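Colleague: Got a file for you: run06.tsv, TSV, N, CA, C and O atoms.
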chain	number	residue	atom	x	y	z
A	16	MET	N	-58.63	-23.93	-21.69
A	16	MET	CA	-57.77	-24.50	-20.67
A	16	MET	C	-58.41	-24.24	-19.31
A	16	MET	O	-58.85	-23.15	-19.03
A	17	LYS	N	-58.42	-25.25	-18.49
A	17	LYS	CA	-58.94	-25.12	-17.13
A	17	LYS	C	-57.81	-24.68	-16.20
A	17	LYS	O	-56.63	-24.82	-16.53
A	18	VAL	N	-58.17	-24.14	-15.03
A	18	VAL	CA	-57.17	-23.63	-14.09
A	18	VAL	C	-56.16	-24.71	-13.72
A	18	VAL	O	-54.96	-24.48	-13.73
A	19	PHE	N	-56.63	-25.92	-13.42
A	19	PHE	CA	-55.68	-26.97	-13.02
A	19	PHE	C	-54.73	-27.31	-14.16
A	19	PHE	O	-53.57	-27.65	-13.93
A	20	GLU	N	-55.20	-27.22	-15.42
A	20	GLU	CA	-54.32	-27.48	-16.56
A	20	GLU	C	-53.24	-26.40	-16.67
A	20	GLU	O	-52.09	-26.69	-16.98
A	21	LEU	N	-53.62	-25.15	-16.42
A	21	LEU	CA	-52.65	-24.05	-16.43
A	21	LEU	C	-51.62	-24.24	-15.32
A	21	LEU	O	-50.42	-24.10	-15.54
A	22	VAL	N	-52.07	-24.60	-14.14
A	22	VAL	CA	-51.16	-24.82	-13.01
A	22	VAL	C	-50.19	-25.96	-13.35
A	22	VAL	O	-48.98	-25.84	-13.10
A	23	GLU	N	-50.68	-27.03	-13.93
A	23	GLU	CA	-49.81	-28.15	-14.30
A	23	GLU	C	-48.79	-27.73	-15.36
A	23	GLU	O	-47.63	-28.11	-15.30
A	24	ALA	N	-49.23	-26.93	-16.34
A	24	ALA	CA	-48.32	-26.45	-17.38
A	24	ALA	C	-47.22	-25.59	-16.76
A	24	ALA	O	-46.05	-25.69	-17.14
A	25	LEU	N	-47.58	-24.76	-15.79
A	25	LEU	CA	-46.58	-23.91	-15.13
A	25	LEU	C	-45.63	-24.75	-14.28
A	25	LEU	O	-44.43	-24.50	-14.23
A	26	LYS	N	-46.14	-25.79	-13.62
A	26	LYS	CA	-45.30	-26.67	-12.81
A	26	LYS	C	-44.29	-27.43	-13.67
A	26	LYS	O	-43.19	-27.75	-13.22
A	27	ASP	N	-44.67	-27.73	-14.91
A	27	ASP	CA	-43.82	-28.53	-15.79
A	27	ASP	C	-42.72	-27.72	-16.47
A	27	ASP	O	-41.88	-28.28	-17.17
A	28	LEU	N	-42.68	-26.41	-16.26
A	28	LEU	CA	-41.64	-25.60	-16.87
A	28	LEU	C	-40.28	-25.95	-16.29
A	28	LEU	O	-40.17	-26.27	-15.11
A	29	PRO	N	-39.22	-25.89	-17.09
A	29	PRO	CA	-37.90	-26.25	-16.59
A	29	PRO	C	-37.33	-25.26	-15.58
A	29	PRO	O	-36.47	-25.61	-14.81
A	30	ASP	N	-37.81	-24.01	-15.57
A	30	ASP	CA	-37.31	-23.02	-14.63
A	30	ASP	C	-38.43	-22.62	-13.65
A	30	ASP	O	-39.29	-21.82	-13.98
A	31	PRO	N	-38.43	-23.19	-12.43
A	31	PRO	CA	-39.50	-22.89	-11.49
A	31	PRO	C	-39.45	-21.45	-10.96
A	31	PRO	O	-40.39	-21.00	-10.32
A	32	ASN	N	-38.37	-20.72	-11.25
A	32	ASN	CA	-38.26	-19.33	-10.80
A	32	ASN	C	-38.64	-18.33	-11.89
A	32	ASN	O	-38.43	-17.13	-11.72
A	33	ALA	N	-39.19	-18.80	-13.01
A	33	ALA	CA	-39.58	-17.90	-14.09
A	33	ALA	C	-40.69	-16.96	-13.60
A	33	ALA	O	-41.50	-17.31	-12.75
A	34	ILE	N	-40.69	-15.77	-14.16
A	34	ILE	CA	-41.73	-14.78	-13.84
A	34	ILE	C	-42.94	-15.07	-14.71
A	34	ILE	O	-42.81	-15.32	-15.90
A	35	VAL	N	-44.13	-15.01	-14.13
A	35	VAL	CA	-45.37	-15.21	-14.88
A	35	VAL	C	-46.04	-13.85	-15.02
A	35	VAL	O	-46.25	-13.16	-14.03
A	36	VAL	N	-46.37	-13.48	-16.25
A	36	VAL	CA	-47.00	-12.19	-16.52
A	36	VAL	C	-48.45	-12.43	-16.90
A	36	VAL	O	-48.73	-13.18	-17.83
A	37	VAL	N	-49.36	-11.79	-16.18
A	37	VAL	CA	-50.79	-11.88	-16.48
A	37	VAL	C	-51.30	-10.46	-16.68
A	37	VAL	O	-51.09	-9.60	-15.82
A	38	ALA	N	-51.95	-10.20	-17.80
A	38	ALA	CA	-52.48	-8.86	-18.08
A	38	ALA	C	-53.76	-8.63	-17.28
A	38	ALA	O	-54.47	-9.57	-16.93
A	39	GLN	N	-54.06	-7.36	-17.03
A	39	GLN	CA	-55.26	-6.98	-16.30
A	39	GLN	C	-55.96	-5.87	-17.06
A	39	GLN	O	-55.31	-4.98	-17.62
A	40	SER	N	-57.26	-5.90	-17.08
A	40	SER	CA	-58.04	-4.88	-17.77
A	40	SER	C	-57.94	-3.55	-17.05
A	40	SER	O	-57.82	-3.48	-15.83
A	41	SER	N	-57.97	-2.47	-17.81
A	41	SER	CA	-57.96	-1.13	-17.20
A	41	SER	C	-59.37	-0.71	-16.79
A	41	SER	O	-59.55	0.32	-16.16
A	42	ILE	N	-60.37	-1.51	-17.14
A	42	ILE	CA	-61.75	-1.21	-16.78
A	42	ILE	C	-62.10	-1.99	-15.51
A	42	ILE	O	-62.04	-3.22	-15.50
A	43	PRO	N	-62.43	-1.30	-14.41
A	43	PRO	CA	-62.77	-2.00	-13.16
A	43	PRO	C	-63.90	-3.01	-13.36
A	43	PRO	O	-64.87	-2.75	-14.07
A	44	GLY	N	-63.74	-4.17	-12.77
A	44	GLY	CA	-64.75	-5.21	-12.85
A	44	GLY	C	-64.74	-5.98	-14.16
A	44	GLY	O	-65.60	-6.83	-14.38
A	45	ARG	N	-63.79	-5.72	-15.04
A	45	ARG	CA	-63.73	-6.39	-16.34
A	45	ARG	C	-62.50	-7.28	-16.46
A	45	ARG	O	-62.01	-7.51	-17.55
A	46	ASP	N	-61.98	-7.78	-15.35
A	46	ASP	CA	-60.80	-8.64	-15.38
A	46	ASP	C	-61.21	-10.06	-15.75
A	46	ASP	O	-62.23	-10.56	-15.29
A	47	TRP	N	-60.40	-10.70	-16.59
A	47	TRP	CA	-60.65	-12.07	-16.99
A	47	TRP	C	-59.36	-12.70	-17.44
A	47	TRP	O	-58.40	-12.02	-17.75
A	48	LEU	N	-59.33	-14.00	-17.47
A	48	LEU	CA	-58.16	-14.73	-17.92
A	48	LEU	C	-58.63	-15.87	-18.81
A	48	LEU	O	-59.40	-16.73	-18.39
A	49	ALA	N	-58.20	-15.85	-20.05
A	49	ALA	CA	-58.47	-16.95	-20.97
A	49	ALA	C	-57.12	-17.53	-21.35
A	49	ALA	O	-56.29	-16.83	-21.93
A	50	ALA	N	-56.85	-18.76	-20.99
A	50	ALA	CA	-55.54	-19.37	-21.24
A	50	ALA	C	-55.69	-20.60	-22.12
A	50	ALA	O	-56.58	-21.42	-21.92
A	51	THR	N	-54.80	-20.70	-23.11
A	51	THR	CA	-54.76	-21.90	-23.95
A	51	THR	C	-53.43	-22.62	-23.80
A	51	THR	O	-53.24	-23.70	-24.33
A	52	GLY	N	-52.48	-21.99	-23.11
A	52	GLY	CA	-51.18	-22.61	-22.91
A	52	GLY	C	-50.17	-21.60	-22.38
A	52	GLY	O	-50.54	-20.50	-22.00
A	53	VAL	N	-48.91	-22.01	-22.34
A	53	VAL	CA	-47.83	-21.13	-21.87
A	53	VAL	C	-46.67	-21.21	-22.85
A	53	VAL	O	-46.45	-22.23	-23.49
A	54	ILE	N	-45.95	-20.10	-22.97
A	54	ILE	CA	-44.74	-20.04	-23.81
A	54	ILE	C	-43.64	-19.42	-22.97
A	54	ILE	O	-43.84	-18.38	-22.33
A	55	GLU	N	-42.49	-20.07	-22.95
A	55	GLU	CA	-41.34	-19.49	-22.24
A	55	GLU	C	-40.78	-18.33	-23.03
A	55	GLU	O	-40.67	-18.40	-24.25
A	56	ARG	N	-40.47	-17.24	-22.35
A	56	ARG	CA	-39.92	-16.03	-22.97
A	56	ARG	C	-38.75	-15.54	-22.14
A	56	ARG	O	-38.61	-15.89	-20.97
A	57	LYS	N	-37.95	-14.69	-22.71
A	57	LYS	CA	-36.91	-13.95	-21.98
A	57	LYS	C	-37.44	-12.53	-21.83
A	57	LYS	O	-37.78	-11.88	-22.82
A	58	ILE	N	-37.55	-12.05	-20.58
A	58	ILE	CA	-38.16	-10.75	-20.34
A	58	ILE	C	-37.34	-9.95	-19.33
A	58	ILE	O	-36.40	-10.46	-18.71
A	59	GLN	N	-37.73	-8.70	-19.17
A	59	GLN	CA	-37.24	-7.84	-18.10
A	59	GLN	C	-38.39	-6.92	-17.71
A	59	GLN	O	-39.28	-6.65	-18.52
A	60	LEU	N	-38.41	-6.47	-16.47
A	60	LEU	CA	-39.44	-5.54	-16.04
A	60	LEU	C	-39.06	-4.13	-16.48
A	60	LEU	O	-37.89	-3.75	-16.44
A	61	SER	N	-40.05	-3.36	-16.89
A	61	SER	CA	-39.83	-1.99	-17.32
A	61	SER	C	-39.32	-1.16	-16.14
A	61	SER	O	-39.84	-1.26	-15.03
A	62	LYS	N	-38.30	-0.34	-16.38
A	62	LYS	CA	-37.79	0.53	-15.32
A	62	LYS	C	-38.78	1.64	-14.98
A	62	LYS	O	-38.86	2.08	-13.84
A	63	GLU	N	-39.55	2.08	-15.97
A	63	GLU	CA	-40.54	3.14	-15.75
A	63	GLU	C	-41.78	2.62	-15.03
A	63	GLU	O	-42.41	3.33	-14.26
A	64	ASN	N	-42.15	1.37	-15.33
A	64	ASN	CA	-43.35	0.79	-14.74
A	64	ASN	C	-43.09	-0.70	-14.52
A	64	ASN	O	-43.18	-1.49	-15.46
A	65	PRO	N	-42.79	-1.12	-13.28
A	65	PRO	CA	-42.47	-2.52	-13.02
A	65	PRO	C	-43.64	-3.49	-13.23
A	65	PRO	O	-43.46	-4.69	-13.13
A	66	ASP	N	-44.82	-2.96	-13.54
A	66	ASP	CA	-45.95	-3.82	-13.86
A	66	ASP	C	-45.94	-4.25	-15.32
A	66	ASP	O	-46.80	-5.01	-15.75
A	67	ILE	N	-44.97	-3.75	-16.10
A	67	ILE	CA	-44.90	-4.05	-17.52
A	67	ILE	C	-43.64	-4.87	-17.80
A	67	ILE	O	-42.56	-4.53	-17.35
A	68	ALA	N	-43.81	-5.95	-18.57
A	68	ALA	CA	-42.67	-6.78	-18.96
A	68	ALA	C	-42.28	-6.45	-20.40
A	68	ALA	O	-43.14	-6.28	-21.26
A	69	LEU	N	-40.97	-6.37	-20.63
A	69	LEU	CA	-40.41	-6.09	-21.93
A	69	LEU	C	-39.47	-7.24	-22.32
A	69	LEU	O	-39.07	-8.02	-21.47
A	70	PRO	N	-39.10	-7.35	-23.60
A	70	PRO	CA	-38.11	-8.37	-23.96
A	70	PRO	C	-36.82	-8.15	-23.17
A	70	PRO	O	-36.42	-7.02	-22.93
A	71	GLY	N	-36.21	-9.22	-22.71
A	71	GLY	CA	-34.98	-9.11	-21.92
A	71	GLY	C	-34.26	-10.42	-21.80
A	71	GLY	O	-34.35	-11.27	-22.68
A	72	LYS	N	-33.57	-10.60	-20.66
A	72	LYS	CA	-32.73	-11.80	-20.47
A	72	LYS	C	-33.23	-12.72	-19.36
A	72	LYS	O	-32.75	-13.83	-19.22
A	73	ASP	N	-34.18	-12.25	-18.52
A	73	ASP	CA	-34.67	-13.05	-17.41
A	73	ASP	C	-35.69	-14.06	-17.87
A	73	ASP	O	-36.47	-13.80	-18.79
A	74	PRO	N	-35.74	-15.25	-17.23
A	74	PRO	CA	-36.75	-16.24	-17.62
A	74	PRO	C	-38.14	-15.72	-17.30
A	74	PRO	O	-38.37	-15.11	-16.26
A	75	GLY	N	-39.06	-15.96	-18.19
A	75	GLY	CA	-40.44	-15.55	-17.99
A	75	GLY	C	-41.38	-16.49	-18.70
A	75	GLY	O	-40.96	-17.34	-19.50
A	76	VAL	N	-42.66	-16.35	-18.41
A	76	VAL	CA	-43.67	-17.20	-19.02
A	76	VAL	C	-44.81	-16.31	-19.50
A	76	VAL	O	-45.31	-15.47	-18.76
A	77	GLU	N	-45.20	-16.50	-20.75
A	77	GLU	CA	-46.36	-15.80	-21.29
A	77	GLU	C	-47.52	-16.78	-21.27
A	77	GLU	O	-47.41	-17.91	-21.76
A	78	ILE	N	-48.60	-16.37	-20.67
A	78	ILE	CA	-49.81	-17.20	-20.67
A	78	ILE	C	-50.61	-16.81	-21.91
A	78	ILE	O	-50.95	-15.65	-22.08
A	79	ILE	N	-50.86	-17.79	-22.77
A	79	ILE	CA	-51.58	-17.49	-24.02
A	79	ILE	C	-52.95	-18.13	-24.02
A	79	ILE	O	-53.24	-19.02	-23.26
Would you mind giving the structure from this file in structure tokens?
Modeller:
Amino acid sequence: MKVFELVEALKDLPDPNAIVVVAQSSIPGRDWLAATGVIERKIQLSKENPDIALPGKDPGVEII
């Protein structure tokens, strides 16, 4: 998937206020994003670490 295809897929979601979660490598300089599509999920942010999404009730999007 190209960046513009990902952006279009995100624009086409029925909830424009959904949270988008993108993972990041713990190794400096090793960040990358490989996307093949998006899936709508219900999530919540972790109370212990707001950088982590858990299953919940808020609209969210998983980039796959």
Colleague: Using only N, CA, C and O atoms for the distances, tell me which of A:Val76, A:Val22, A:Lys17, A:Ser61 is nearest to Val37 in chain A.
Modeller: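 The closest residue to Val37 in chain A is A:Val76.
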Colleague: With DSSP run on the backbone, what are the helix (DSSP H, G or I) residues within chain A? I'd like them as a ChimeraX atom specification.
Modeller: /A:18-26
Colleague: Quick one: pull the distance between atom O of Leu48 in chain A and atom N of Pro29 in chain A, Å, one decimal.
Modeller: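 Between atom O of Leu48 in chain A and atom N of Pro29 in chain A the gap is 22.2 Å.
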Colleague: Just list as number ranges by chain whatever in chain A DSSP marks as strand (DSSP E or B).
Modeller: A: 34-36, 53-60, 68-70, 73-78
Colleague: Can you tell me how far CA of Ser41 in chain A sits from CA of Gly75 in chain A, in Å to one decimal?
Modeller: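 Between CA of Ser41 in chain A and CA of Gly75 in chain A the gap works out to 22.7 Å.
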Colleague: Counting only N, CA, C and O atoms, which of A:Ile67, A:Asn32, A:Ile78, A:Ile42 gets nearest to Ile54 in chain A?
Modeller: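 Under the stated criterion, the closest residue is A:Ile78.
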Colleague: Pick out the closest residue to Val35 in chain A from this set: A:Glu63, A:Leu21, A:Glu77, A:Ile58. Count only C-alpha atoms.
Modeller: A:Glu77
Colleague: Can you work out the spacing between CA of Trp47 in chain A and CA of Pro74 in chain A in Å, to one decimal?
Modeller: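 Computing it gives 24.3 Å between the two atoms.
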Colleague: Given the choices A:Arg56, A:Asp27, A:Glu20, A:Asp46, which gets closest to Pro70 in chain A if the distance is worked out from only N, CA, C and O atoms?
Modeller: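 Result for the nearest residue to Pro70 in chain A: A:Arg56.
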